[in-house]
Amino acid sequence: MTASAPEFTTLRTLPEDASVDEVCAALDASGAVILEHFVDDTMLAALWADLGPAFESQGWGEEGFIGNRTRRVCSLFAKTLHSAALVTEPRFYGAASYFLQRPVAGFLGDERYEVTPSMQIGVGHGVQIWPDETLQGLHRDDIVHLNTHPGRQTRVLAMVALTDFTAENGGTWVVPGSHLWDDERAPKSEEAVAAEMSAGSALLWLGSTYHCGGPNTSADPRTGLIYALDCANYRQEENQYLAVPIDIVRRYPEQVQRLLGYDVAAPFCGYVDMADPHVLLDGTGRQLGMAEQVPLSPAVGAAHTPAVSA
């Protein structure tokens, strides 16, 4: 695999006013899309204020895939409460809902049921690629779920650019269309394109899309934050129960607490003493009946409508 610059055209970029449907269509077509103005300048400054010191104090990676000239900051939900706004950004959350919350059908005795999967946060992870870093190996992020392809999507990810991303400074390489490939087709670096975007923009991609960190041949580091929304019935890549202290979890809105894992994943994964685990945060002690724990839906198509966070 060479580290030469990609030869193909850039990824599709959508403006700030693009609808969730437009984002989903772009992801359906190529497996990745760039969204302009994912965060504004005020949020960008706040993220740097919270995370800049963590990047400065972080050491280098110690092996090839992690990166020998790359600094990684984990447990973002423990380090910046602004993670809430990023993971619930309407275009990201809505696209994740579209791809992940598709009903699964089965039978309970002779009665047919449909369950719409819940979503959870799979990872919150900062990546800073420094000059002289080499090309990372192309990979699919749904490898953590041992998925086979083609198949249903189990995760949607966002890389939020804290600096400009260019072909020279390690902007993420993506292989457009690779989300449609089976498991016997290997990715090639010459098939990839660099995600070039300005600070405050974001790259969205499906867990089945081949991508990697690009080589940095510039004089400056590039910095981005990765957030993943996953089907909640899979184990989290990053253990949020240990990564985020409980007193910090309580500072988040309920929607994010549940995304962090303090929820019953449909149909009934993750309960505690037959109760919604969120009661351990809100102190209500309310017990859930099984009818509440098993959200059976009569309409298969209902979950395909993007559920956009307010």
# chains A, B, ... in the order shown; residues from 1 in each chain; ligands from 1
$ residues_around --residues "stretch 20-25 of chain A" --least-positions-apart "5" --cutoff "12 Å" --atoms "only C-alpha atoms" --output "number ranges by chain"
A: 12-15, 30-36, 89-100, 156, 202-206, 304-309
$ write_last_selection --atoms "N, CA, C and O atoms" --output "compact mmCIF listing (two decimals), in the first residue's frame"
# COMPACT_ATOMS: atom_id res chain seq x y z
N ARG A 12 -18.64 14.22 -1.69
CA ARG A 12 -19.72 15.19 -1.78
C ARG A 12 -19.80 16.00 -0.49
O ARG A 12 -19.68 15.45 0.61
N THR A 13 -19.97 17.30 -0.63
CA THR A 13 -20.12 18.21 0.51
C THR A 13 -21.50 18.84 0.47
O THR A 13 -21.91 19.37 -0.57
N LEU A 14 -22.21 18.77 1.59
CA LEU A 14 -23.55 19.35 1.69
C LEU A 14 -23.52 20.60 2.56
O LEU A 14 -22.78 20.66 3.54
N PRO A 15 -24.34 21.60 2.22
CA PRO A 15 -24.35 22.86 2.97
C PRO A 15 -25.05 22.72 4.31
O PRO A 15 -25.70 21.69 4.60
N SER A 30 -22.84 6.73 -1.44
CA SER A 30 -21.38 6.58 -1.42
C SER A 30 -20.81 6.12 -0.09
O SER A 30 -19.61 5.83 0.00
N GLY A 31 -21.62 6.07 0.96
CA GLY A 31 -21.13 5.59 2.25
C GLY A 31 -20.50 6.66 3.11
O GLY A 31 -20.14 6.39 4.27
N ALA A 32 -20.36 7.90 2.57
CA ALA A 32 -19.75 8.99 3.34
C ALA A 32 -20.17 10.32 2.72
O ALA A 32 -20.47 10.40 1.53
N VAL A 33 -20.18 11.37 3.56
CA VAL A 33 -20.53 12.70 3.09
C VAL A 33 -19.94 13.72 4.05
O VAL A 33 -19.78 13.45 5.25
N ILE A 34 -19.59 14.88 3.53
CA ILE A 34 -19.09 15.99 4.35
C ILE A 34 -20.22 16.98 4.58
O ILE A 34 -20.93 17.35 3.65
N LEU A 35 -20.38 17.42 5.83
CA LEU A 35 -21.39 18.40 6.20
C LEU A 35 -20.72 19.69 6.64
O LEU A 35 -19.90 19.69 7.56
N GLU A 36 -21.06 20.78 5.97
CA GLU A 36 -20.51 22.08 6.33
C GLU A 36 -21.17 22.60 7.60
O GLU A 36 -22.32 22.31 7.89
N GLU A 89 -26.53 16.37 17.15
CA GLU A 89 -26.68 17.30 16.01
C GLU A 89 -27.68 16.69 15.03
O GLU A 89 -27.61 15.51 14.70
N PRO A 90 -28.70 17.46 14.61
CA PRO A 90 -29.83 16.88 13.87
C PRO A 90 -29.47 16.06 12.65
O PRO A 90 -30.08 15.02 12.40
N ARG A 91 -28.49 16.50 11.85
CA ARG A 91 -28.15 15.76 10.64
C ARG A 91 -27.48 14.43 10.96
O ARG A 91 -27.74 13.42 10.31
N PHE A 92 -26.63 14.44 11.97
CA PHE A 92 -25.95 13.21 12.40
C PHE A 92 -26.93 12.26 13.07
O PHE A 92 -27.06 11.09 12.69
N TYR A 93 -27.66 12.76 14.05
CA TYR A 93 -28.60 11.91 14.79
C TYR A 93 -29.70 11.38 13.86
O TYR A 93 -30.09 10.21 13.94
N GLY A 94 -30.19 12.25 12.98
CA GLY A 94 -31.24 11.84 12.06
C GLY A 94 -30.77 10.78 11.09
O GLY A 94 -31.49 9.82 10.80
N ALA A 95 -29.55 10.93 10.56
CA ALA A 95 -29.01 9.92 9.64
C ALA A 95 -28.78 8.60 10.36
O ALA A 95 -29.07 7.52 9.83
N ALA A 96 -28.26 8.67 11.59
CA ALA A 96 -28.05 7.44 12.35
C ALA A 96 -29.38 6.73 12.60
O ALA A 96 -29.48 5.50 12.47
N SER A 97 -30.41 7.48 12.94
CA SER A 97 -31.73 6.89 13.16
C SER A 97 -32.23 6.20 11.90
O SER A 97 -32.78 5.09 11.94
N TYR A 98 -32.04 6.85 10.76
CA TYR A 98 -32.51 6.29 9.49
C TYR A 98 -31.86 4.93 9.20
O TYR A 98 -32.53 3.98 8.79
N PHE A 99 -30.56 4.84 9.39
CA PHE A 99 -29.85 3.61 9.04
C PHE A 99 -29.94 2.53 10.12
O PHE A 99 -29.93 1.34 9.81
N LEU A 100 -30.02 2.93 11.38
CA LEU A 100 -29.94 1.96 12.47
C LEU A 100 -31.28 1.53 13.01
O LEU A 100 -31.44 0.38 13.44
N VAL A 156 -23.11 4.45 12.65
CA VAL A 156 -22.89 5.63 11.83
C VAL A 156 -21.96 6.54 12.63
O VAL A 156 -22.16 6.73 13.83
N ALA A 202 -17.92 18.42 9.32
CA ALA A 202 -17.84 17.05 9.80
C ALA A 202 -17.95 16.08 8.63
O ALA A 202 -18.66 16.33 7.66
N LEU A 203 -17.23 14.99 8.75
CA LEU A 203 -17.36 13.86 7.83
C LEU A 203 -18.25 12.82 8.49
O LEU A 203 -17.97 12.39 9.62
N LEU A 204 -19.33 12.43 7.82
CA LEU A 204 -20.18 11.34 8.28
C LEU A 204 -19.90 10.12 7.41
O LEU A 204 -19.74 10.24 6.19
N TRP A 205 -19.85 8.93 8.02
CA TRP A 205 -19.68 7.71 7.24
C TRP A 205 -20.34 6.54 7.94
O TRP A 205 -20.61 6.58 9.15
N LEU A 206 -20.64 5.52 7.15
CA LEU A 206 -21.25 4.31 7.66
C LEU A 206 -20.17 3.37 8.18
O LEU A 206 -19.04 3.37 7.68
N HIS A 304 -38.22 4.05 9.61
CA HIS A 304 -37.37 4.52 8.52
C HIS A 304 -37.40 6.04 8.39
O HIS A 304 -36.62 6.61 7.67
N THR A 305 -38.34 6.67 9.06
CA THR A 305 -38.38 8.12 9.04
C THR A 305 -37.34 8.66 9.99
O THR A 305 -37.35 8.30 11.17
N PRO A 306 -36.40 9.51 9.55
CA PRO A 306 -35.36 9.99 10.44
C PRO A 306 -35.95 10.64 11.69
O PRO A 306 -36.85 11.47 11.62
N ALA A 307 -35.42 10.24 12.84
CA ALA A 307 -35.86 10.81 14.12
C ALA A 307 -34.86 11.87 14.52
O ALA A 307 -33.80 11.59 15.05
N VAL A 308 -35.17 13.12 14.25
CA VAL A 308 -34.21 14.21 14.43
C VAL A 308 -34.30 14.74 15.86
O VAL A 308 -35.38 15.03 16.35
N SER A 309 -33.15 14.85 16.49
CA SER A 309 -33.11 15.40 17.84
C SER A 309 -33.43 16.88 17.83
O SER A 309 -33.00 17.63 16.95
$ residues_around --residues "A:Glu56" --least-positions-apart "4" --cutoff "10 Å" --atoms "only C-alpha atoms" --output "ChimeraX atom specification"
/A:51-52,71,73,128
$ write_last_selection --atoms "N, CA, C and O atoms" --output "PDB file, in the first residue's frame"
ATOM      1  N   LEU A  51     -10.569  20.535  25.336  1.00  0.00           N
ATOM      2  CA  LEU A  51      -9.779  19.386  24.907  1.00  0.00           C
ATOM      3  C   LEU A  51      -8.340  19.709  24.514  1.00  0.00           C
ATOM      4  O   LEU A  51      -7.501  18.803  24.450  1.00  0.00           O
ATOM      5  N   GLY A  52      -8.052  20.988  24.250  1.00  0.00           N
ATOM      6  CA  GLY A  52      -6.691  21.363  23.870  1.00  0.00           C
ATOM      7  C   GLY A  52      -5.642  20.868  24.861  1.00  0.00           C
ATOM      8  O   GLY A  52      -4.641  20.247  24.459  1.00  0.00           O
ATOM      9  N   ARG A  71      -1.726  11.563  18.259  1.00  0.00           N
ATOM     10  CA  ARG A  71      -2.168  11.669  19.648  1.00  0.00           C
ATOM     11  C   ARG A  71      -3.666  11.383  19.706  1.00  0.00           C
ATOM     12  O   ARG A  71      -4.431  11.931  18.916  1.00  0.00           O
ATOM     13  N   VAL A  73      -7.120  11.110  22.216  1.00  0.00           N
ATOM     14  CA  VAL A  73      -7.758  11.460  23.484  1.00  0.00           C
ATOM     15  C   VAL A  73      -9.076  10.701  23.576  1.00  0.00           C
ATOM     16  O   VAL A  73      -9.968  10.896  22.742  1.00  0.00           O
ATOM     17  N   GLN A 128      -5.458  13.356  16.695  1.00  0.00           N
ATOM     18  CA  GLN A 128      -4.614  14.453  16.218  1.00  0.00           C
ATOM     19  C   GLN A 128      -3.412  13.860  15.482  1.00  0.00           C
ATOM     20  O   GLN A 128      -2.528  13.258  16.088  1.00  0.00           O
TER      21      GLN A 128
END
$ residues_around --residues "stretch 38-47 of chain A" --least-positions-apart "4" --cutoff "9 Å" --atoms "only C-alpha atoms" --output "list in words"
Glu16, Leu51, Gly52, Thr80, His82, Ser83, Ala85, Leu86, Glu89, Arg91, Val160, Ala161, Leu162, Ala199, Gly200, Ser201 and Ala202 of chain A
$ residues_around --residues "A:Val174" --least-positions-apart "5" --cutoff "9 Å" --atoms "only C-alpha atoms" --output "ChimeraX atom specification"
/A:11,31-32,138,191-195,205,209-213
$ select_by_dssp --residues "stretch 190-295 of chain A" --states "strand (DSSP E)" --output "list of chain:residue names"
A:Val193, A:Ala194, A:Ala202, A:Leu203, A:Leu204, A:Trp205, A:Leu206, A:His211, A:Cys212, A:Arg222, A:Thr223, A:Gly224, A:Leu225, A:Ile226, A:Tyr227, A:Ala228, A:Leu229, A:Asp230, A:Cys231
$ decode --residues "stretch 113-148 of chain A" --atoms "N, CA, C and O atoms" --output "PDB file, in the first residue's frame"
ATOM      1  N   TYR A 113     -44.244  -9.964  15.752  1.00  0.00           N
ATOM      2  CA  TYR A 113     -43.906  -8.670  16.358  1.00  0.00           C
ATOM      3  C   TYR A 113     -42.798  -8.013  15.551  1.00  0.00           C
ATOM      4  O   TYR A 113     -42.120  -8.651  14.750  1.00  0.00           O
ATOM      5  N   GLU A 114     -42.601  -6.725  15.780  1.00  0.00           N
ATOM      6  CA  GLU A 114     -41.512  -5.952  15.177  1.00  0.00           C
ATOM      7  C   GLU A 114     -40.888  -5.087  16.261  1.00  0.00           C
ATOM      8  O   GLU A 114     -41.606  -4.414  17.005  1.00  0.00           O
ATOM      9  N   VAL A 115     -39.584  -5.115  16.358  1.00  0.00           N
ATOM     10  CA  VAL A 115     -38.853  -4.332  17.346  1.00  0.00           C
ATOM     11  C   VAL A 115     -37.957  -3.334  16.623  1.00  0.00           C
ATOM     12  O   VAL A 115     -37.197  -3.711  15.722  1.00  0.00           O
ATOM     13  N   THR A 116     -38.032  -2.079  17.002  1.00  0.00           N
ATOM     14  CA  THR A 116     -37.164  -1.047  16.446  1.00  0.00           C
ATOM     15  C   THR A 116     -35.940  -0.895  17.341  1.00  0.00           C
ATOM     16  O   THR A 116     -36.091  -0.602  18.536  1.00  0.00           O
ATOM     17  N   PRO A 117     -34.733  -1.102  16.834  1.00  0.00           N
ATOM     18  CA  PRO A 117     -33.538  -1.022  17.674  1.00  0.00           C
ATOM     19  C   PRO A 117     -33.374   0.359  18.314  1.00  0.00           C
ATOM     20  O   PRO A 117     -33.714   1.386  17.720  1.00  0.00           O
ATOM     21  N   SER A 118     -32.859   0.359  19.528  1.00  0.00           N
ATOM     22  CA  SER A 118     -32.444   1.601  20.179  1.00  0.00           C
ATOM     23  C   SER A 118     -31.051   1.979  19.666  1.00  0.00           C
ATOM     24  O   SER A 118     -30.369   1.179  19.028  1.00  0.00           O
ATOM     25  N   MET A 119     -30.624   3.202  19.996  1.00  0.00           N
ATOM     26  CA  MET A 119     -29.277   3.640  19.635  1.00  0.00           C
ATOM     27  C   MET A 119     -28.490   3.947  20.900  1.00  0.00           C
ATOM     28  O   MET A 119     -29.050   4.294  21.937  1.00  0.00           O
ATOM     29  N   GLN A 120     -27.166   3.824  20.779  1.00  0.00           N
ATOM     30  CA  GLN A 120     -26.293   4.198  21.881  1.00  0.00           C
ATOM     31  C   GLN A 120     -24.988   4.756  21.328  1.00  0.00           C
ATOM     32  O   GLN A 120     -24.678   4.595  20.142  1.00  0.00           O
ATOM     33  N   ILE A 121     -24.244   5.391  22.197  1.00  0.00           N
ATOM     34  CA  ILE A 121     -22.937   5.928  21.834  1.00  0.00           C
ATOM     35  C   ILE A 121     -21.917   4.796  21.864  1.00  0.00           C
ATOM     36  O   ILE A 121     -21.781   4.090  22.870  1.00  0.00           O
ATOM     37  N   GLY A 122     -21.224   4.609  20.760  1.00  0.00           N
ATOM     38  CA  GLY A 122     -20.216   3.564  20.681  1.00  0.00           C
ATOM     39  C   GLY A 122     -18.839   4.044  21.090  1.00  0.00           C
ATOM     40  O   GLY A 122     -18.050   3.287  21.667  1.00  0.00           O
ATOM     41  N   VAL A 123     -18.539   5.308  20.774  1.00  0.00           N
ATOM     42  CA  VAL A 123     -17.212   5.829  21.085  1.00  0.00           C
ATOM     43  C   VAL A 123     -17.233   7.351  21.005  1.00  0.00           C
ATOM     44  O   VAL A 123     -18.004   7.941  20.239  1.00  0.00           O
ATOM     45  N   GLY A 124     -16.403   7.990  21.820  1.00  0.00           N
ATOM     46  CA  GLY A 124     -16.106   9.420  21.724  1.00  0.00           C
ATOM     47  C   GLY A 124     -14.600   9.552  21.835  1.00  0.00           C
ATOM     48  O   GLY A 124     -14.012   9.299  22.900  1.00  0.00           O
ATOM     49  N   HIS A 125     -13.941   9.932  20.749  1.00  0.00           N
ATOM     50  CA  HIS A 125     -12.497   9.724  20.630  1.00  0.00           C
ATOM     51  C   HIS A 125     -11.884  10.851  19.804  1.00  0.00           C
ATOM     52  O   HIS A 125     -12.368  11.150  18.715  1.00  0.00           O
ATOM     53  N   GLY A 126     -10.849  11.500  20.324  1.00  0.00           N
ATOM     54  CA  GLY A 126     -10.153  12.553  19.599  1.00  0.00           C
ATOM     55  C   GLY A 126      -8.900  12.033  18.918  1.00  0.00           C
ATOM     56  O   GLY A 126      -8.171  11.216  19.495  1.00  0.00           O
ATOM     57  N   VAL A 127      -8.643  12.507  17.691  1.00  0.00           N
ATOM     58  CA  VAL A 127      -7.484  12.048  16.919  1.00  0.00           C
ATOM     59  C   VAL A 127      -6.738  13.264  16.370  1.00  0.00           C
ATOM     60  O   VAL A 127      -7.314  14.087  15.652  1.00  0.00           O
ATOM     61  N   GLN A 128      -5.458  13.356  16.695  1.00  0.00           N
ATOM     62  CA  GLN A 128      -4.614  14.453  16.218  1.00  0.00           C
ATOM     63  C   GLN A 128      -3.412  13.860  15.482  1.00  0.00           C
ATOM     64  O   GLN A 128      -2.528  13.258  16.088  1.00  0.00           O
ATOM     65  N   ILE A 129      -3.418  14.019  14.157  1.00  0.00           N
ATOM     66  CA  ILE A 129      -2.360  13.462  13.306  1.00  0.00           C
ATOM     67  C   ILE A 129      -1.293  14.520  13.065  1.00  0.00           C
ATOM     68  O   ILE A 129      -1.579  15.597  12.527  1.00  0.00           O
ATOM     69  N   TRP A 130      -0.065  14.201  13.429  1.00  0.00           N
ATOM     70  CA  TRP A 130       1.047  15.153  13.350  1.00  0.00           C
ATOM     71  C   TRP A 130       1.874  14.933  12.087  1.00  0.00           C
ATOM     72  O   TRP A 130       1.779  13.892  11.437  1.00  0.00           O
ATOM     73  N   PRO A 131       2.682  15.944  11.726  1.00  0.00           N
ATOM     74  CA  PRO A 131       3.563  15.801  10.562  1.00  0.00           C
ATOM     75  C   PRO A 131       4.415  14.534  10.647  1.00  0.00           C
ATOM     76  O   PRO A 131       4.833  14.121  11.728  1.00  0.00           O
ATOM     77  N   ASP A 132       4.621  13.927   9.494  1.00  0.00           N
ATOM     78  CA  ASP A 132       5.404  12.707   9.319  1.00  0.00           C
ATOM     79  C   ASP A 132       4.650  11.438   9.701  1.00  0.00           C
ATOM     80  O   ASP A 132       5.218  10.339   9.620  1.00  0.00           O
ATOM     81  N   GLU A 133       3.371  11.570  10.084  1.00  0.00           N
ATOM     82  CA  GLU A 133       2.578  10.356  10.279  1.00  0.00           C
ATOM     83  C   GLU A 133       2.332   9.710   8.926  1.00  0.00           C
ATOM     84  O   GLU A 133       2.158  10.380   7.912  1.00  0.00           O
ATOM     85  N   THR A 134       2.322   8.390   8.905  1.00  0.00           N
ATOM     86  CA  THR A 134       2.132   7.643   7.662  1.00  0.00           C
ATOM     87  C   THR A 134       0.678   7.202   7.523  1.00  0.00           C
ATOM     88  O   THR A 134      -0.138   7.369   8.441  1.00  0.00           O
ATOM     89  N   LEU A 135       0.374   6.634   6.361  1.00  0.00           N
ATOM     90  CA  LEU A 135      -0.987   6.213   6.059  1.00  0.00           C
ATOM     91  C   LEU A 135      -1.414   5.053   6.952  1.00  0.00           C
ATOM     92  O   LEU A 135      -0.721   4.049   7.070  1.00  0.00           O
ATOM     93  N   GLN A 136      -2.582   5.192   7.569  1.00  0.00           N
ATOM     94  CA  GLN A 136      -3.173   4.105   8.337  1.00  0.00           C
ATOM     95  C   GLN A 136      -3.766   3.076   7.373  1.00  0.00           C
ATOM     96  O   GLN A 136      -4.097   3.396   6.230  1.00  0.00           O
ATOM     97  N   GLY A 137      -3.923   1.851   7.814  1.00  0.00           N
ATOM     98  CA  GLY A 137      -4.530   0.839   6.969  1.00  0.00           C
ATOM     99  C   GLY A 137      -6.019   1.080   6.789  1.00  0.00           C
ATOM    100  O   GLY A 137      -6.736   1.401   7.744  1.00  0.00           O
ATOM    101  N   LEU A 138      -6.497   0.943   5.553  1.00  0.00           N
ATOM    102  CA  LEU A 138      -7.928   1.082   5.296  1.00  0.00           C
ATOM    103  C   LEU A 138      -8.700   0.000   6.050  1.00  0.00           C
ATOM    104  O   LEU A 138      -8.297  -1.164   6.078  1.00  0.00           O
ATOM    105  N   HIS A 139      -9.823   0.387   6.641  1.00  0.00           N
ATOM    106  CA  HIS A 139     -10.579  -0.555   7.465  1.00  0.00           C
ATOM    107  C   HIS A 139     -12.033  -0.111   7.557  1.00  0.00           C
ATOM    108  O   HIS A 139     -12.388   1.020   7.227  1.00  0.00           O
ATOM    109  N   ARG A 140     -12.886  -1.020   8.024  1.00  0.00           N
ATOM    110  CA  ARG A 140     -14.284  -0.731   8.314  1.00  0.00           C
ATOM    111  C   ARG A 140     -14.456  -0.642   9.835  1.00  0.00           C
ATOM    112  O   ARG A 140     -13.968  -1.509  10.571  1.00  0.00           O
ATOM    113  N   ASP A 141     -15.182   0.351  10.303  1.00  0.00           N
ATOM    114  CA  ASP A 141     -15.352   0.498  11.743  1.00  0.00           C
ATOM    115  C   ASP A 141     -16.354  -0.476  12.332  1.00  0.00           C
ATOM    116  O   ASP A 141     -16.394  -0.663  13.554  1.00  0.00           O
ATOM    117  N   ASP A 142     -17.182  -1.106  11.508  1.00  0.00           N
ATOM    118  CA  ASP A 142     -18.098  -2.095  12.073  1.00  0.00           C
ATOM    119  C   ASP A 142     -17.416  -3.448  12.295  1.00  0.00           C
ATOM    120  O   ASP A 142     -18.067  -4.417  12.672  1.00  0.00           O
ATOM    121  N   ILE A 143     -16.078  -3.488  12.108  1.00  0.00           N
ATOM    122  CA  ILE A 143     -15.338  -4.690  12.468  1.00  0.00           C
ATOM    123  C   ILE A 143     -15.521  -4.996  13.945  1.00  0.00           C
ATOM    124  O   ILE A 143     -15.449  -6.157  14.373  1.00  0.00           O
ATOM    125  N   VAL A 144     -15.768  -3.961  14.764  1.00  0.00           N
ATOM    126  CA  VAL A 144     -15.961  -4.201  16.199  1.00  0.00           C
ATOM    127  C   VAL A 144     -17.177  -5.073  16.458  1.00  0.00           C
ATOM    128  O   VAL A 144     -17.272  -5.735  17.502  1.00  0.00           O
ATOM    129  N   HIS A 145     -18.140  -5.092  15.524  1.00  0.00           N
ATOM    130  CA  HIS A 145     -19.329  -5.918  15.671  1.00  0.00           C
ATOM    131  C   HIS A 145     -19.234  -7.229  14.890  1.00  0.00           C
ATOM    132  O   HIS A 145     -20.195  -7.993  14.838  1.00  0.00           O
ATOM    133  N   LEU A 146     -18.057  -7.468  14.273  1.00  0.00           N
ATOM    134  CA  LEU A 146     -17.836  -8.683  13.481  1.00  0.00           C
ATOM    135  C   LEU A 146     -18.917  -8.862  12.417  1.00  0.00           C
ATOM    136  O   LEU A 146     -19.398  -9.974  12.157  1.00  0.00           O
ATOM    137  N   ASN A 147     -19.293  -7.755  11.783  1.00  0.00           N
ATOM    138  CA  ASN A 147     -20.328  -7.796  10.752  1.00  0.00           C
ATOM    139  C   ASN A 147     -19.841  -8.498   9.494  1.00  0.00           C
ATOM    140  O   ASN A 147     -18.650  -8.479   9.165  1.00  0.00           O
ATOM    141  N   THR A 148     -20.784  -9.085   8.784  1.00  0.00           N
ATOM    142  CA  THR A 148     -20.524  -9.572   7.437  1.00  0.00           C
ATOM    143  C   THR A 148     -21.233  -8.644   6.456  1.00  0.00           C
ATOM    144  O   THR A 148     -22.200  -7.970   6.809  1.00  0.00           O
TER     145      THR A 148
END
